[in-house]
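Peer 1: You'll find input_6.cif just under this line, and it carries mmCIF, C-alpha atoms.
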data_protein
loop_
_atom_site.label_atom_id
_atom_site.label_comp_id
_atom_site.auth_asym_id
_atom_site.auth_seq_id
_atom_site.Cartn_x
_atom_site.Cartn_y
_atom_site.Cartn_z
CA MET F 839 0.00 0.00 0.00
CA MET F 840 1.10 3.58 -0.56
CA LYS F 841 2.20 5.27 2.63
CA LYS F 842 1.25 8.73 3.96
CA ILE F 843 -0.73 9.72 0.87
CA SER F 844 -4.35 10.75 1.01
CA SER F 845 -6.73 9.83 -1.79
CA LEU F 846 -7.17 13.54 -2.54
CA LEU F 847 -3.43 14.03 -2.96
CA LEU F 848 -3.27 11.00 -5.25
CA PHE F 849 -6.02 12.47 -7.38
CA LEU F 850 -4.36 15.89 -7.61
CA SER F 851 -0.99 14.32 -8.41
CA ALA F 852 -2.51 12.25 -11.20
CA VAL F 853 -3.97 15.39 -12.73
CA LEU F 854 -0.57 17.07 -12.69
CA PHE F 855 1.42 14.17 -14.16
CA ILE F 856 2.71 14.76 -17.70
CA ALA F 857 2.05 12.00 -20.24
CA CYS F 858 5.03 10.08 -21.61
CA SER F 859 3.97 10.86 -25.15
CA ALA F 860 3.67 14.61 -24.71
CA ASN F 861 7.17 16.02 -24.36
CA ASP F 862 10.87 15.36 -24.87
CA THR F 863 11.68 15.88 -21.19
CA PRO F 864 8.40 15.99 -19.27
CA SER F 865 8.34 16.99 -15.64
CA GLY F 866 5.85 16.37 -12.89
CA PRO F 867 5.51 15.22 -9.30
CA VAL F 868 6.64 11.77 -8.28
CA MET F 869 4.70 9.80 -5.69
CA ASP F 870 6.17 10.49 -2.23
CA THR F 871 6.73 7.24 -0.41
CA ASP F 872 9.30 5.57 1.79
CA GLN F 873 9.79 2.92 -0.88
CA VAL F 874 12.54 3.29 -3.51
CA PHE F 875 12.24 1.28 -6.72
CA THR F 876 15.44 1.11 -8.79
CA VAL F 877 15.52 0.54 -12.55
CA ASN F 878 18.88 -0.33 -14.11
CA THR F 879 18.96 0.95 -17.71
CA GLY F 880 22.24 -0.80 -18.52
CA LEU F 881 23.33 1.59 -21.30
CA ASP F 882 25.34 4.81 -21.16
CA TYR F 883 23.14 6.84 -23.48
CA TYR F 884 20.25 6.85 -20.97
CA LYS F 885 22.33 8.83 -18.45
CA GLY F 886 20.83 12.22 -17.70
CA LEU F 887 17.57 11.44 -19.52
CA THR F 888 14.10 11.22 -18.02
CA LEU F 889 12.65 7.77 -17.36
CA GLN F 890 8.95 7.36 -16.62
CA VAL F 891 6.91 4.46 -15.31
CA GLY F 892 3.20 3.99 -15.88
CA GLU F 893 0.44 1.44 -16.19
CA SER F 894 -0.56 0.03 -19.58
CA GLY F 895 -3.77 1.65 -20.76
CA SER F 896 -2.79 5.12 -19.60
CA THR F 897 -0.24 7.67 -20.81
CA VAL F 898 -0.21 9.28 -17.36
CA PRO F 899 2.97 8.20 -15.54
CA LEU F 900 2.92 6.91 -11.99
CA GLY F 901 6.29 8.57 -11.52
CA GLU F 902 9.36 9.86 -13.31
CA THR F 903 12.99 10.52 -12.51
CA VAL F 904 16.37 11.19 -14.15
CA VAL F 905 18.77 8.36 -14.92
CA ASP F 906 21.92 8.95 -12.84
CA ASN F 907 25.58 8.56 -13.84
CA THR F 908 25.55 4.89 -12.88
CA GLY F 909 22.76 4.20 -15.37
CA CYS F 910 20.16 3.69 -12.66
CA ALA F 911 16.86 5.47 -12.10
CA GLU F 912 15.40 5.56 -8.60
CA PHE F 913 11.66 6.04 -8.23
CA ASN F 914 10.15 7.07 -4.90
CA ILE F 915 7.24 4.75 -5.47
CA ASP F 916 5.89 1.50 -4.09
CA LEU F 917 5.00 -0.72 -7.05
CA THR F 918 3.74 -3.61 -4.91
CA PRO F 919 0.08 -2.86 -5.78
CA TYR F 920 1.00 -3.41 -9.46
CA ILE F 921 2.25 -6.99 -9.15
CA GLY F 922 0.82 -8.97 -12.07
CA LYS F 923 -0.12 -5.81 -13.93
CA ASN F 924 1.39 -4.58 -17.16
CA LEU F 925 3.63 -1.56 -16.69
CA TRP F 926 5.56 0.58 -19.13
CA PHE F 927 8.93 2.26 -18.75
CA CYS F 928 9.53 5.11 -21.17
CA VAL F 929 12.34 7.42 -22.23
CA PRO F 930 10.17 9.96 -24.08
CA LYS F 931 10.72 10.12 -27.82
CA MET F 932 13.17 7.22 -27.67
CA VAL F 933 11.75 3.94 -26.40
CA LYS F 934 8.90 2.46 -24.42
CA PHE F 935 9.16 -0.93 -22.68
CA PHE F 936 6.16 -3.02 -21.56
CA HIS F 937 6.47 -5.64 -18.84
CA THR F 938 4.23 -7.54 -16.42
CA LEU F 939 5.62 -6.80 -12.96
CA GLN F 940 6.64 -9.95 -11.10
CA ALA F 941 6.31 -10.41 -7.34
CA ALA F 942 10.05 -10.99 -6.98
CA GLU F 943 10.80 -7.72 -8.78
CA ALA F 944 8.41 -5.77 -6.57
CA THR F 945 9.81 -7.38 -3.43
CA ALA F 946 13.39 -6.66 -4.45
CA SER F 947 12.34 -3.17 -5.57
CA ARG F 948 14.62 -3.51 -8.57
CA LEU F 949 14.61 -4.58 -12.21
CA SER F 950 16.73 -4.13 -15.32
CA LEU F 951 15.58 -2.89 -18.72
CA PRO F 952 16.44 -5.01 -21.77
CA ASP F 953 18.49 -3.75 -24.70
CA LYS F 954 16.08 -1.80 -26.89
CA ASP F 955 17.88 -3.01 -30.01
CA GLY F 956 17.26 -6.64 -29.05
CA GLY F 957 13.52 -6.33 -29.67
CA SER F 958 10.79 -8.06 -27.70
CA THR F 959 11.68 -11.16 -25.70
CA LEU F 960 9.60 -14.27 -25.12
CA ASP F 961 9.18 -15.95 -21.76
CA ALA F 962 9.84 -19.64 -21.18
CA THR F 963 6.36 -20.74 -22.31
CA GLY F 964 6.67 -18.96 -25.65
CA LEU F 965 3.12 -17.65 -25.21
CA GLY F 966 3.79 -14.25 -23.72
CA ASN F 967 6.45 -11.58 -23.40
CA GLU F 968 8.96 -10.84 -20.72
CA TRP F 969 9.31 -7.45 -22.41
CA ILE F 970 7.65 -5.76 -25.37
CA VAL F 971 9.87 -3.10 -26.92
CA ALA F 972 8.39 -0.15 -28.81
CA LEU F 973 10.55 2.45 -30.59
CA TYR F 974 9.92 6.08 -31.44
CA MET F 975 10.60 6.63 -35.15
CA GLY F 976 9.99 10.36 -35.45
CA ILE F 977 6.31 9.79 -36.26
CA ASN F 978 3.56 11.35 -34.17
CA LYS F 979 -0.07 10.42 -33.67
CA ASP F 980 -2.08 10.69 -36.90
CA GLY F 981 1.11 11.66 -38.71
CA ASP F 982 1.20 15.33 -37.77
CA SER F 983 0.24 15.86 -34.12
CA ASP F 984 2.50 16.62 -31.14
CA ILE F 985 1.87 13.21 -29.52
CA PRO F 986 4.61 10.66 -30.31
CA ILE F 987 3.68 7.08 -31.08
CA TYR F 988 5.87 4.05 -30.43
CA TRP F 989 6.16 1.14 -32.90
CA ALA F 990 6.42 -2.46 -31.71
CA THR F 991 9.66 -4.07 -32.87
CA GLY F 992 7.81 -7.19 -34.08
CA ASN F 993 4.48 -8.24 -35.54
CA LEU F 994 1.43 -9.47 -33.66
CA MET F 995 1.93 -13.24 -33.50
CA ALA F 996 -0.66 -15.93 -32.72
CA VAL F 997 0.12 -19.31 -31.17
CA LYS F 998 -2.54 -22.02 -31.10
CA THR F 999 -2.76 -23.67 -27.70
CA SER F 1000 -5.51 -26.22 -28.39
CA ALA F 1001 -5.10 -29.50 -30.27
CA ALA F 1002 -5.93 -30.10 -33.95
CA GLY F 1003 -9.65 -30.65 -34.43
CA GLU F 1004 -10.56 -28.75 -31.29
CA PRO F 1005 -11.97 -25.22 -31.32
CA SER F 1006 -9.02 -22.88 -31.57
CA GLU F 1007 -7.68 -21.35 -28.41
CA VAL F 1008 -4.99 -18.80 -29.21
CA ALA F 1009 -2.40 -16.80 -27.28
CA TYR F 1010 -0.98 -13.61 -28.74
CA HIS F 1011 2.32 -11.81 -28.30
CA ILE F 1012 4.74 -9.48 -30.09
CA ALA F 1013 7.13 -11.61 -32.12
CA ASP F 1014 10.81 -11.68 -31.33
CA ALA F 1015 13.41 -11.11 -34.04
CA THR F 1016 13.49 -14.71 -35.31
CA GLU F 1017 9.72 -15.07 -35.45
CA THR F 1018 9.34 -11.73 -37.16
CA GLU F 1019 11.83 -12.77 -39.80
CA ARG F 1020 10.15 -16.08 -40.59
CA GLU F 1021 6.61 -14.73 -40.31
CA GLY F 1022 4.86 -18.01 -39.58
CA LEU F 1023 6.17 -20.05 -42.51
CA ALA F 1024 4.25 -23.20 -43.35
CA ASP F 1025 6.01 -26.56 -43.68
CA ASN F 1026 6.32 -26.09 -47.44
CA GLY F 1027 8.44 -22.99 -46.95
CA LEU F 1028 5.79 -20.60 -48.25
CA VAL F 1029 3.93 -18.21 -46.04
CA GLY F 1030 0.19 -18.69 -45.71
CA LEU F 1031 -0.24 -21.66 -48.04
CA ASP F 1032 -1.51 -24.54 -45.94
CA GLU F 1033 -4.10 -27.15 -46.93
CA ARG F 1034 -5.17 -27.52 -43.30
CA LEU F 1035 -6.72 -24.06 -43.26
CA VAL F 1036 -10.51 -24.09 -43.45
CA THR F 1037 -12.15 -21.33 -45.48
CA ASN F 1038 -15.45 -19.48 -45.03
CA VAL F 1039 -15.69 -20.25 -41.33
CA ALA F 1040 -15.12 -18.24 -38.18
CA ASP F 1041 -12.41 -20.66 -37.02
CA GLY F 1042 -10.17 -21.36 -39.98
CA TYR F 1043 -7.39 -22.81 -37.84
CA VAL F 1044 -9.39 -25.63 -36.24
CA ASN F 1045 -7.36 -28.32 -38.06
CA MET F 1046 -4.00 -26.81 -37.13
CA PRO F 1047 -2.04 -28.56 -34.33
CA ALA F 1048 -1.10 -26.96 -31.04
CA GLY F 1049 1.96 -24.75 -31.40
CA SER F 1050 1.05 -23.51 -34.88
CA LYS F 1051 1.95 -19.84 -35.38
CA TRP F 1052 0.69 -17.19 -37.74
CA ASP F 1053 0.89 -13.41 -37.99
CA MET F 1054 -1.54 -12.65 -40.81
CA TYR F 1055 -5.07 -11.57 -40.06
CA GLY F 1056 -8.16 -10.31 -41.83
CA PHE F 1057 -9.02 -6.61 -41.56
CA GLY F 1058 -11.14 -6.09 -38.47
CA ASP F 1059 -10.88 -9.70 -37.30
CA LYS F 1060 -10.02 -9.33 -33.63
CA THR F 1061 -10.03 -13.12 -33.15
CA GLY F 1062 -7.29 -13.70 -35.73
CA LEU F 1063 -9.09 -16.88 -36.85
CA MET F 1064 -11.47 -16.03 -39.68
CA LEU F 1065 -10.58 -17.11 -43.23
CA PHE F 1066 -13.08 -16.15 -45.90
CA ASP F 1067 -12.81 -16.14 -49.69
CA MET F 1068 -12.71 -12.80 -51.50
CA ASP F 1069 -16.26 -13.22 -52.81
CA LYS F 1070 -17.71 -13.67 -49.31
CA HIS F 1071 -18.05 -9.93 -48.74
CA LYS F 1072 -21.16 -9.75 -46.60
CA GLU F 1073 -20.51 -13.02 -44.78
CA TYR F 1074 -17.18 -11.78 -43.55
CA CYS F 1075 -18.47 -8.37 -42.52
CA TYR F 1076 -21.39 -9.98 -40.66
CA ALA F 1077 -19.07 -12.45 -38.92
CA THR F 1078 -16.72 -9.69 -37.75
CA GLY F 1079 -19.53 -7.29 -36.87
CA GLN F 1080 -18.37 -4.66 -39.37
CA MET F 1081 -21.78 -4.45 -41.03
CA SER F 1082 -25.20 -4.21 -39.41
CA GLU F 1083 -27.80 -6.85 -40.19
CA ASP F 1084 -29.85 -4.38 -42.25
CA ARG F 1085 -26.68 -3.40 -44.16
CA SER F 1086 -27.16 0.24 -43.25
CA VAL F 1087 -23.93 0.56 -41.25
CA VAL F 1088 -20.41 -0.33 -42.32
CA TYR F 1089 -17.47 0.49 -40.07
CA TRP F 1090 -14.55 2.27 -41.70
CA ASP F 1091 -12.14 3.32 -38.94
CA ILE F 1092 -11.15 0.53 -36.56
CA SER F 1093 -7.83 1.76 -35.16
CA GLY F 1094 -8.06 1.45 -31.39
CA ASP F 1095 -11.59 0.01 -31.50
CA ALA F 1096 -11.51 -3.16 -29.38
CA ARG F 1097 -14.50 -4.57 -31.30
CA PHE F 1098 -12.39 -4.94 -34.46
CA ASP F 1099 -8.76 -3.98 -33.89
CA ALA F 1100 -6.78 -7.19 -33.20
CA ALA F 1101 -3.89 -5.27 -31.64
CA ARG F 1102 -6.16 -3.55 -29.11
CA ALA F 1103 -8.28 -6.63 -28.44
CA GLN F 1104 -5.38 -9.03 -27.96
CA LEU F 1105 -2.68 -6.85 -26.37
CA GLY F 1106 -4.91 -4.46 -24.45
CA GLY F 1107 -3.64 -1.15 -23.14
CA LEU F 1108 -3.36 1.50 -25.84
CA TRP F 1109 -2.02 -0.85 -28.53
CA ARG F 1110 -3.71 -0.43 -31.89
CA LEU F 1111 -3.35 -0.57 -35.66
CA PRO F 1112 -1.60 2.45 -37.22
CA THR F 1113 -3.85 4.87 -39.07
CA CYS F 1114 -3.64 4.39 -42.83
CA ARG F 1115 -5.93 6.70 -44.85
CA ASN F 1116 -5.68 7.94 -48.39
CA SER F 1117 -6.52 11.40 -47.08
CA GLY F 1118 -6.45 12.84 -43.58
CA PRO F 1119 -4.52 11.50 -40.57
CA ASN F 1120 -1.96 8.88 -41.54
CA GLU F 1121 0.82 7.28 -39.49
CA TYR F 1122 2.25 5.01 -42.17
CA ALA F 1123 2.78 7.84 -44.66
CA ALA F 1124 6.03 9.05 -43.12
CA PHE F 1125 7.65 5.76 -44.15
CA GLU F 1126 7.16 6.74 -47.81
CA ASP F 1127 10.45 8.32 -48.75
CA ASP F 1128 8.98 10.00 -51.82
CA CYS F 1129 5.66 11.03 -50.33
CA GLU F 1130 5.38 14.78 -50.91
CA GLU F 1131 3.98 15.53 -47.47
CA TYR F 1132 6.90 13.80 -45.73
CA ALA F 1133 9.72 14.33 -48.24
CA ASN F 1134 12.13 15.79 -45.68
CA GLN F 1135 11.11 13.72 -42.68
CA LEU F 1136 13.08 10.86 -41.19
CA PRO F 1137 13.15 7.91 -41.12
CA ASP F 1138 14.31 6.92 -44.61
CA GLY F 1139 13.80 3.31 -45.65
CA GLU F 1140 16.12 0.82 -47.24
CA PHE F 1141 15.84 -2.83 -48.21
CA TYR F 1142 17.80 -5.38 -46.24
CA GLY F 1143 18.67 -9.00 -46.97
CA GLU F 1144 18.28 -10.78 -50.28
CA SER F 1145 15.00 -10.76 -52.18
CA GLY F 1146 13.27 -14.11 -52.19
CA VAL F 1147 14.55 -15.33 -48.81
CA THR F 1148 13.01 -15.16 -45.37
CA SER F 1149 15.39 -12.46 -44.13
CA PHE F 1150 14.30 -9.91 -46.75
CA GLY F 1151 12.37 -6.75 -45.96
CA THR F 1152 12.54 -3.00 -45.41
CA GLN F 1153 14.16 -1.28 -42.48
CA TYR F 1154 14.14 2.25 -41.16
CA ARG F 1155 16.71 4.05 -39.03
CA TYR F 1156 15.80 7.03 -36.89
CA PRO F 1157 18.57 8.99 -35.08
CA VAL F 1158 17.54 10.04 -31.59
CA VAL F 1159 18.87 13.54 -30.99
CA VAL F 1160 18.87 15.17 -27.55
CA GLY F 1161 20.27 18.64 -27.04
CA GLY F 1162 21.62 18.68 -30.57
CA ARG F 1163 23.59 15.48 -30.01
CA GLU F 1164 22.80 12.09 -31.59
CA ILE F 1165 22.80 9.60 -28.74
CA THR F 1166 21.43 6.46 -30.41
CA VAL F 1167 19.71 5.19 -33.54
CA ASN F 1168 16.41 3.31 -33.51
CA THR F 1169 16.04 0.63 -36.19
CA LEU F 1170 12.69 -0.85 -37.20
CA GLN F 1171 12.29 -3.73 -39.64
CA PHE F 1172 9.28 -4.80 -41.68
CA PRO F 1173 10.02 -8.29 -43.05
CA ALA F 1174 8.54 -9.27 -46.41
CA ALA F 1175 5.92 -11.58 -44.95
CA GLY F 1176 3.78 -12.28 -48.00
CA PHE F 1177 -0.01 -12.26 -47.89
CA ARG F 1178 -2.92 -14.49 -48.79
CA HIS F 1179 -6.58 -14.47 -49.69
CA ALA F 1180 -8.28 -17.18 -47.63
CA ASN F 1181 -5.93 -20.20 -47.77
CA GLU F 1182 -4.50 -19.28 -51.18
CA LEU F 1183 -0.99 -17.87 -51.45
CA TYR F 1184 -0.90 -14.57 -53.33
CA GLY F 1185 2.34 -13.03 -52.14
CA ALA F 1186 5.34 -15.20 -51.30
CA VAL F 1187 7.54 -14.63 -48.29
CA GLY F 1188 10.66 -12.64 -49.13
CA GLN F 1189 8.96 -10.90 -52.05
CA TYR F 1190 5.68 -9.35 -50.94
CA CYS F 1191 4.90 -7.57 -47.74
CA LEU F 1192 1.60 -5.97 -46.75
CA TYR F 1193 0.71 -4.52 -43.35
CA TRP F 1194 -2.82 -3.57 -42.42
CA GLY F 1195 -3.70 -0.05 -41.40
CA GLY F 1196 -6.76 0.67 -39.31
CA ASN F 1197 -8.89 2.36 -41.95
CA ALA F 1198 -11.17 1.67 -44.90
CA ASP F 1199 -12.63 4.32 -47.22
CA PRO F 1200 -16.39 5.03 -47.22
CA THR F 1201 -16.15 7.06 -50.44
CA GLY F 1202 -14.59 4.24 -52.43
CA THR F 1203 -11.92 6.56 -53.83
CA LEU F 1204 -8.60 5.06 -54.85
CA PRO F 1205 -5.66 5.30 -52.44
CA TYR F 1206 -2.76 7.66 -52.99
CA THR F 1207 0.45 6.17 -54.39
CA PRO F 1208 3.84 7.91 -54.40
CA GLY F 1209 4.22 7.77 -58.18
CA GLY F 1210 0.73 9.09 -58.82
CA ASN F 1211 -0.44 5.71 -60.11
CA GLU F 1212 -3.75 4.20 -59.11
CA TRP F 1213 -4.69 0.58 -58.64
CA ALA F 1214 -8.40 -0.11 -58.75
CA GLY F 1215 -8.26 -3.61 -57.35
CA ASP F 1216 -11.05 -5.99 -58.27
CA LYS F 1217 -13.65 -3.83 -60.01
CA SER F 1218 -16.38 -6.36 -59.21
CA MET F 1219 -15.76 -5.96 -55.50
CA PRO F 1220 -18.04 -3.63 -53.53
CA LYS F 1221 -16.23 -0.39 -52.88
CA TRP F 1222 -17.10 -0.54 -49.19
CA PHE F 1223 -15.34 -3.90 -48.89
CA THR F 1224 -11.80 -2.59 -49.44
CA ALA F 1225 -9.47 -1.47 -46.66
CA PHE F 1226 -6.06 0.14 -46.76
CA ASN F 1227 -2.70 -1.45 -46.22
CA TYR F 1228 0.87 -0.30 -46.61
CA GLY F 1229 2.86 -2.39 -49.05
CA TRP F 1230 6.46 -3.07 -49.97
CA LEU F 1231 6.19 -4.95 -53.27
CA ASP F 1232 9.26 -5.80 -55.38
CA GLY F 1233 11.05 -2.56 -54.59
CA MET F 1234 7.92 -0.42 -54.69
CA ILE F 1235 6.54 1.22 -51.56
CA THR F 1236 2.94 2.23 -52.02
CA TRP F 1237 -0.69 2.01 -50.90
CA PHE F 1238 -3.16 -0.67 -51.85
CA PRO F 1239 -6.85 -1.20 -51.23
CA HIS F 1240 -7.38 -4.89 -50.53
CA PRO F 1241 -10.39 -7.02 -49.63
CA ARG F 1242 -11.10 -7.04 -45.92
CA THR F 1243 -10.79 -10.83 -46.11
CA SER F 1244 -7.13 -10.61 -47.13
CA SER F 1245 -4.73 -11.98 -44.51
CA GLU F 1246 -1.93 -9.52 -43.80
CA ALA F 1247 0.52 -8.67 -41.05
CA ILE F 1248 -0.19 -6.30 -38.16
CA ARG F 1249 2.46 -4.03 -36.66
CA PRO F 1250 0.99 -2.51 -33.49
CA VAL F 1251 1.65 1.01 -32.25
CA THR F 1252 0.96 2.67 -28.93
CA GLU F 1253 1.02 6.14 -27.44
#
Is it possible to give me this structure as structure tokens?
Peer 2:
Amino acid sequence: MMKKISSLLLFLSAVLFIACSANDTPSGPVMDTDQVFTVNTGLDYYKGLTLQVGESGSTVPLGETVVDNTGCAEFNIDLTPYIGKNLWFCVPKMVKFFHTLQAAEATASRLSLPDKDGGSTLDATGLGNEWIVALYMGINKDGDSDIPIYWATGNLMAVKTSAAGEPSEVAYHIADATETEREGLADNGLVGLDERLVTNVADGYVNMPAGSKWDMYGFGDKTGLMLFDMDKHKEYCYATGQMSEDRSVVYWDISGDARFDAARAQLGGLWRLPTCRNSGPNEYAAFEDDCEEYANQLPDGEFYGESGVTSFGTQYRYPVVVGGREITVNTLQFPAAGFRHANELYGAVGQYCLYWGGNADPTGTLPYTPGGNEWAGDKSMPKWFTAFNYGWLDGMITWFPHPRTSSEAIRPVTE
């Protein structure tokens, strides 16, 4: 329990706290308690910077302090009430770590942050995360606000925990580096092509054995299980709740909506799909090196690896500058994961890479592409059935409208 703090003081302190996402070096009161909780950052470039701690689901920190010359940050805060809860530790506009506080850590009043460049780490069961790492890449909320967003270092990954033939029970986590690179390859070496997948049902993975992994999902499918053919427009929308029974309502923006957004539904907190519109707020657009609106903005992308192999994709480097001095570089990779329509392979791993955004287009207009080209998609498809993704295709970085039934990767972001 907190000591010597009235409920009124707690309330007033919470009002005065500055959100992690709001400023480079936010300041605000730290909870006054006899307990000292020490966080070892482990790296020299954190020295002298502000470190905040907060609870997942809120940008309001529980406390903040400056990392000292030994690389440690001491919080005057008792975190015992947060045992078993998901906390974040944030160096504003650099990195945000997510971790479920363990009883031993709270009792010892000490923990160590992982290396941000190592990405997210799996626990011993392989069904959760010891740490989820999210990097600031110079991109703010909706593409142009003053609120930074933090990008997960890996994709949303599903692991089936029930046996083949049984209704699918699935655990979700942020993939580590190896998983992100392989992107749930099937036994035949191709992503997404597997005869065991069942189409046009709400549980397309029922025949998959326990331990099966995948990181491609339909647009607005918070379960991660539905596999419908492209021509099953209304069936899919009904099954996911994206269309009312009388067909009068279709949902277009799902980013952060727990009814449809798999990142929010499965990871909780403030995790969500990035915004991805052809006009208006857009968080993916800054990754387009030749997009007019973001021509002079970092990060700049480059391909890594060899095309046609599992380690191929696009990566971005963002230099973190504090006080005019570059102190570290954040690197984010988007592996070429491929994509599929139902159980059919359309884009092979190492060649095609599509990541869902959280938006469709109610007007049916065609999405913007850097070269000014337009791709109409399937002209027989209802205009309301397409949603936007961000695609790296054979050296081309551009927008595509795809059927909501398409299975594509999800890269979560958080504030």
Peer 1: List every protein, DNA or RNA residue with an atom no more than 6 Å from (2.9, 2.1, -33.8) in the file's coordinates, counting all atoms listed in the file, and format the result as a ChimeraX atom specification.
Peer 2: /F:987-989,1112,1250-1252
Peer 1: Here is a test: counting only C-alpha atoms, which residue of F:Ala1013, F:Glu902, F:Ala1198, F:Asn1168 is nearest to F:Asp955?
Peer 2: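 Closest residue, counting only C-alpha atoms: F:Asn1168.
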Peer 1: Please list, as a list in words, the residues that have an atom at most 9 Å away from (18.9, -1.0, -26.3) in the coordinates of this file, counting only C-alpha atoms.
Peer 2: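 Protein, DNA and RNA residues close to (18.9, -1.0, -26.3): Thr879, Gly880, Leu881, Val933, Leu951, Pro952, Asp953, Lys954, Asp955, Gly956, Gly957, Thr1166 and Asn1168 of chain F.
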Peer 1: My list of candidates is F:Ala1015, F:Ala1040, F:Cys928, F:Cys1114. Which is closest to F:Leu960 when distances are computed with only C-alpha atoms?
Peer 2: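 Of F:Ala1015, F:Ala1040, F:Cys928, F:Cys1114, the one nearest F:Leu960, counting only C-alpha atoms, is F:Ala1015.
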Peer 1: List the residues selected by the PyMOL selection byres ((chain F and resi 1101-1106) around 8) in the file shown, writing them as a list of chain:residue names.
Peer 2: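 When the PyMOL selection byres ((chain F and resi 1101-1106) around 8) is applied, the selected residues are F:Ser894, F:Gly895, F:Leu994, F:Tyr1010, F:His1011, F:Lys1060, F:Gly1094, F:Asp1095, F:Ala1096, F:Arg1097, F:Phe1098, F:Asp1099, F:Ala1100, F:Gly1107, F:Leu1108, F:Trp1109, F:Arg1110, F:Leu1111, F:Ile1248, F:Pro1250.
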Peer 1: Could you check the closest approach to F:Ser1149 for each of F:Val1044, F:Ala942, F:Glu1017, F:Phe1177 and tell me which residue wins, using all atoms listed in the file?
Peer 2: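 Closest to F:Ser1149 of all the choices is F:Glu1017.
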Peer 1: Excluding stretch 905-907 of chain F and residues on its chain fewer than 3 positions from it, collect all residues at most 12 Å away from it, counting all atoms listed in the file, and give them as a PyMOL selection string.
Peer 2: chain F and resi 876-890+902+910-913+928-929
Peer 1: Output the selection as a compact mmCIF listing (two decimals), keeping the file's coordinate frame - C-alpha atoms for each residue.
Peer 2:
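Resulting contents of again-v7.txt:
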# COMPACT_ATOMS: atom_id res chain seq x y z
CA THR F 876 15.44 1.11 -8.79
CA VAL F 877 15.52 0.54 -12.55
CA ASN F 878 18.88 -0.33 -14.11
CA THR F 879 18.96 0.95 -17.71
CA GLY F 880 22.24 -0.80 -18.52
CA LEU F 881 23.33 1.59 -21.30
CA ASP F 882 25.34 4.81 -21.16
CA TYR F 883 23.14 6.84 -23.48
CA TYR F 884 20.25 6.85 -20.97
CA LYS F 885 22.33 8.83 -18.45
CA GLY F 886 20.83 12.22 -17.70
CA LEU F 887 17.57 11.44 -19.52
CA THR F 888 14.10 11.22 -18.02
CA LEU F 889 12.65 7.77 -17.36
CA GLN F 890 8.95 7.36 -16.62
CA GLU F 902 9.36 9.86 -13.31
CA CYS F 910 20.16 3.69 -12.66
CA ALA F 911 16.86 5.47 -12.10
CA GLU F 912 15.40 5.56 -8.60
CA PHE F 913 11.66 6.04 -8.23
CA CYS F 928 9.53 5.11 -21.17
CA VAL F 929 12.34 7.42 -22.23
Peer 1: Output the residue selection produced by the PyMOL selection byres ((chain F and resi 1003-1007) around 9) on the file above, formatted as a PyMOL selection string.
Peer 2: chain F and resi 997-1002+1008-1009+1041-1048+1063
Peer 1: As a ChimeraX atom specification, please: the residues near F:Ile1012 (cut-off 7 Å, all atoms listed in the file, same-chain neighbours under 4 positions excluded).
Peer 2: /F:958,970,992-995
Peer 1: Save out the residues we just selected, C-alpha atoms, as a JSON list (two decimals), in the coordinates of the input.
Peer 2:
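To be explicit, this is the file written out as out_34.json:
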[["chain", "number", "residue", "atom", "x", "y", "z"],
["F", 958, "SER", "CA", 10.79, -8.06, -27.70],
["F", 970, "ILE", "CA", 7.65, -5.76, -25.37],
["F", 992, "GLY", "CA", 7.81, -7.19, -34.08],
["F", 993, "ASN", "CA", 4.48, -8.24, -35.54],
["F", 994, "LEU", "CA", 1.43, -9.47, -33.66],
["F", 995, "MET", "CA", 1.93, -13.24, -33.50]]
Peer 1: Using Å and a single decimal, report how far atom CA of F:Ala1175 sits from atom CA of F:Ala1247.
Peer 2: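 Atom-to-atom, atom CA of F:Ala1247 and atom CA of F:Ala1175 are spaced 7.3 Å apart.
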Peer 1: What is the atom CA of F:Val874-atom CA of F:Asn967 distance in Å, reported with one decimal?
Peer 2: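 Separation between atom CA of F:Val874 and atom CA of F:Asn967: 25.6 Å.
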Peer 1: Expressed in Å to a single decimal, how great is the separation between atom CA of F:Glu1253 and atom CA of F:Phe1226?
Peer 2: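 We find that atom CA of F:Glu1253 and atom CA of F:Phe1226 lie 21.4 Å from each other.
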Peer 1: Please determine, counting only C-alpha atoms, which residue among F:Tyr1190, F:Thr1169, F:Ser950, F:Gly1056 has the shortest atom-to-atom distance to F:Gly909.
Peer 2: F:Ser950
Peer 1: So what does the PyMOL selection byres ((chain F and resi 1141) around 10) actually pick up in this one, as a PDB file with C-alpha atoms, in the coordinates of the input?
Peer 2:
ATOM      1  CA  GLY F1139      13.800   3.310 -45.650  1.00  0.00           C
ATOM      2  CA  GLU F1140      16.120   0.820 -47.240  1.00  0.00           C
ATOM      3  CA  TYR F1142      17.800  -5.380 -46.240  1.00  0.00           C
ATOM      4  CA  GLY F1143      18.670  -9.000 -46.970  1.00  0.00           C
ATOM      5  CA  GLU F1144      18.280 -10.780 -50.280  1.00  0.00           C
ATOM      6  CA  SER F1145      15.000 -10.760 -52.180  1.00  0.00           C
ATOM      7  CA  PHE F1150      14.300  -9.910 -46.750  1.00  0.00           C
ATOM      8  CA  GLY F1151      12.370  -6.750 -45.960  1.00  0.00           C
ATOM      9  CA  THR F1152      12.540  -3.000 -45.410  1.00  0.00           C
ATOM     10  CA  GLN F1153      14.160  -1.280 -42.480  1.00  0.00           C
ATOM     11  CA  TYR F1154      14.140   2.250 -41.160  1.00  0.00           C
ATOM     12  CA  GLN F1171      12.290  -3.730 -39.640  1.00  0.00           C
ATOM     13  CA  PHE F1172       9.280  -4.800 -41.680  1.00  0.00           C
ATOM     14  CA  PRO F1173      10.020  -8.290 -43.050  1.00  0.00           C
ATOM     15  CA  ALA F1174       8.540  -9.270 -46.410  1.00  0.00           C
ATOM     16  CA  TRP F1230       6.460  -3.070 -49.970  1.00  0.00           C
ATOM     17  CA  GLY F1233      11.050  -2.560 -54.590  1.00  0.00           C
TER      18      GLY F1233
END
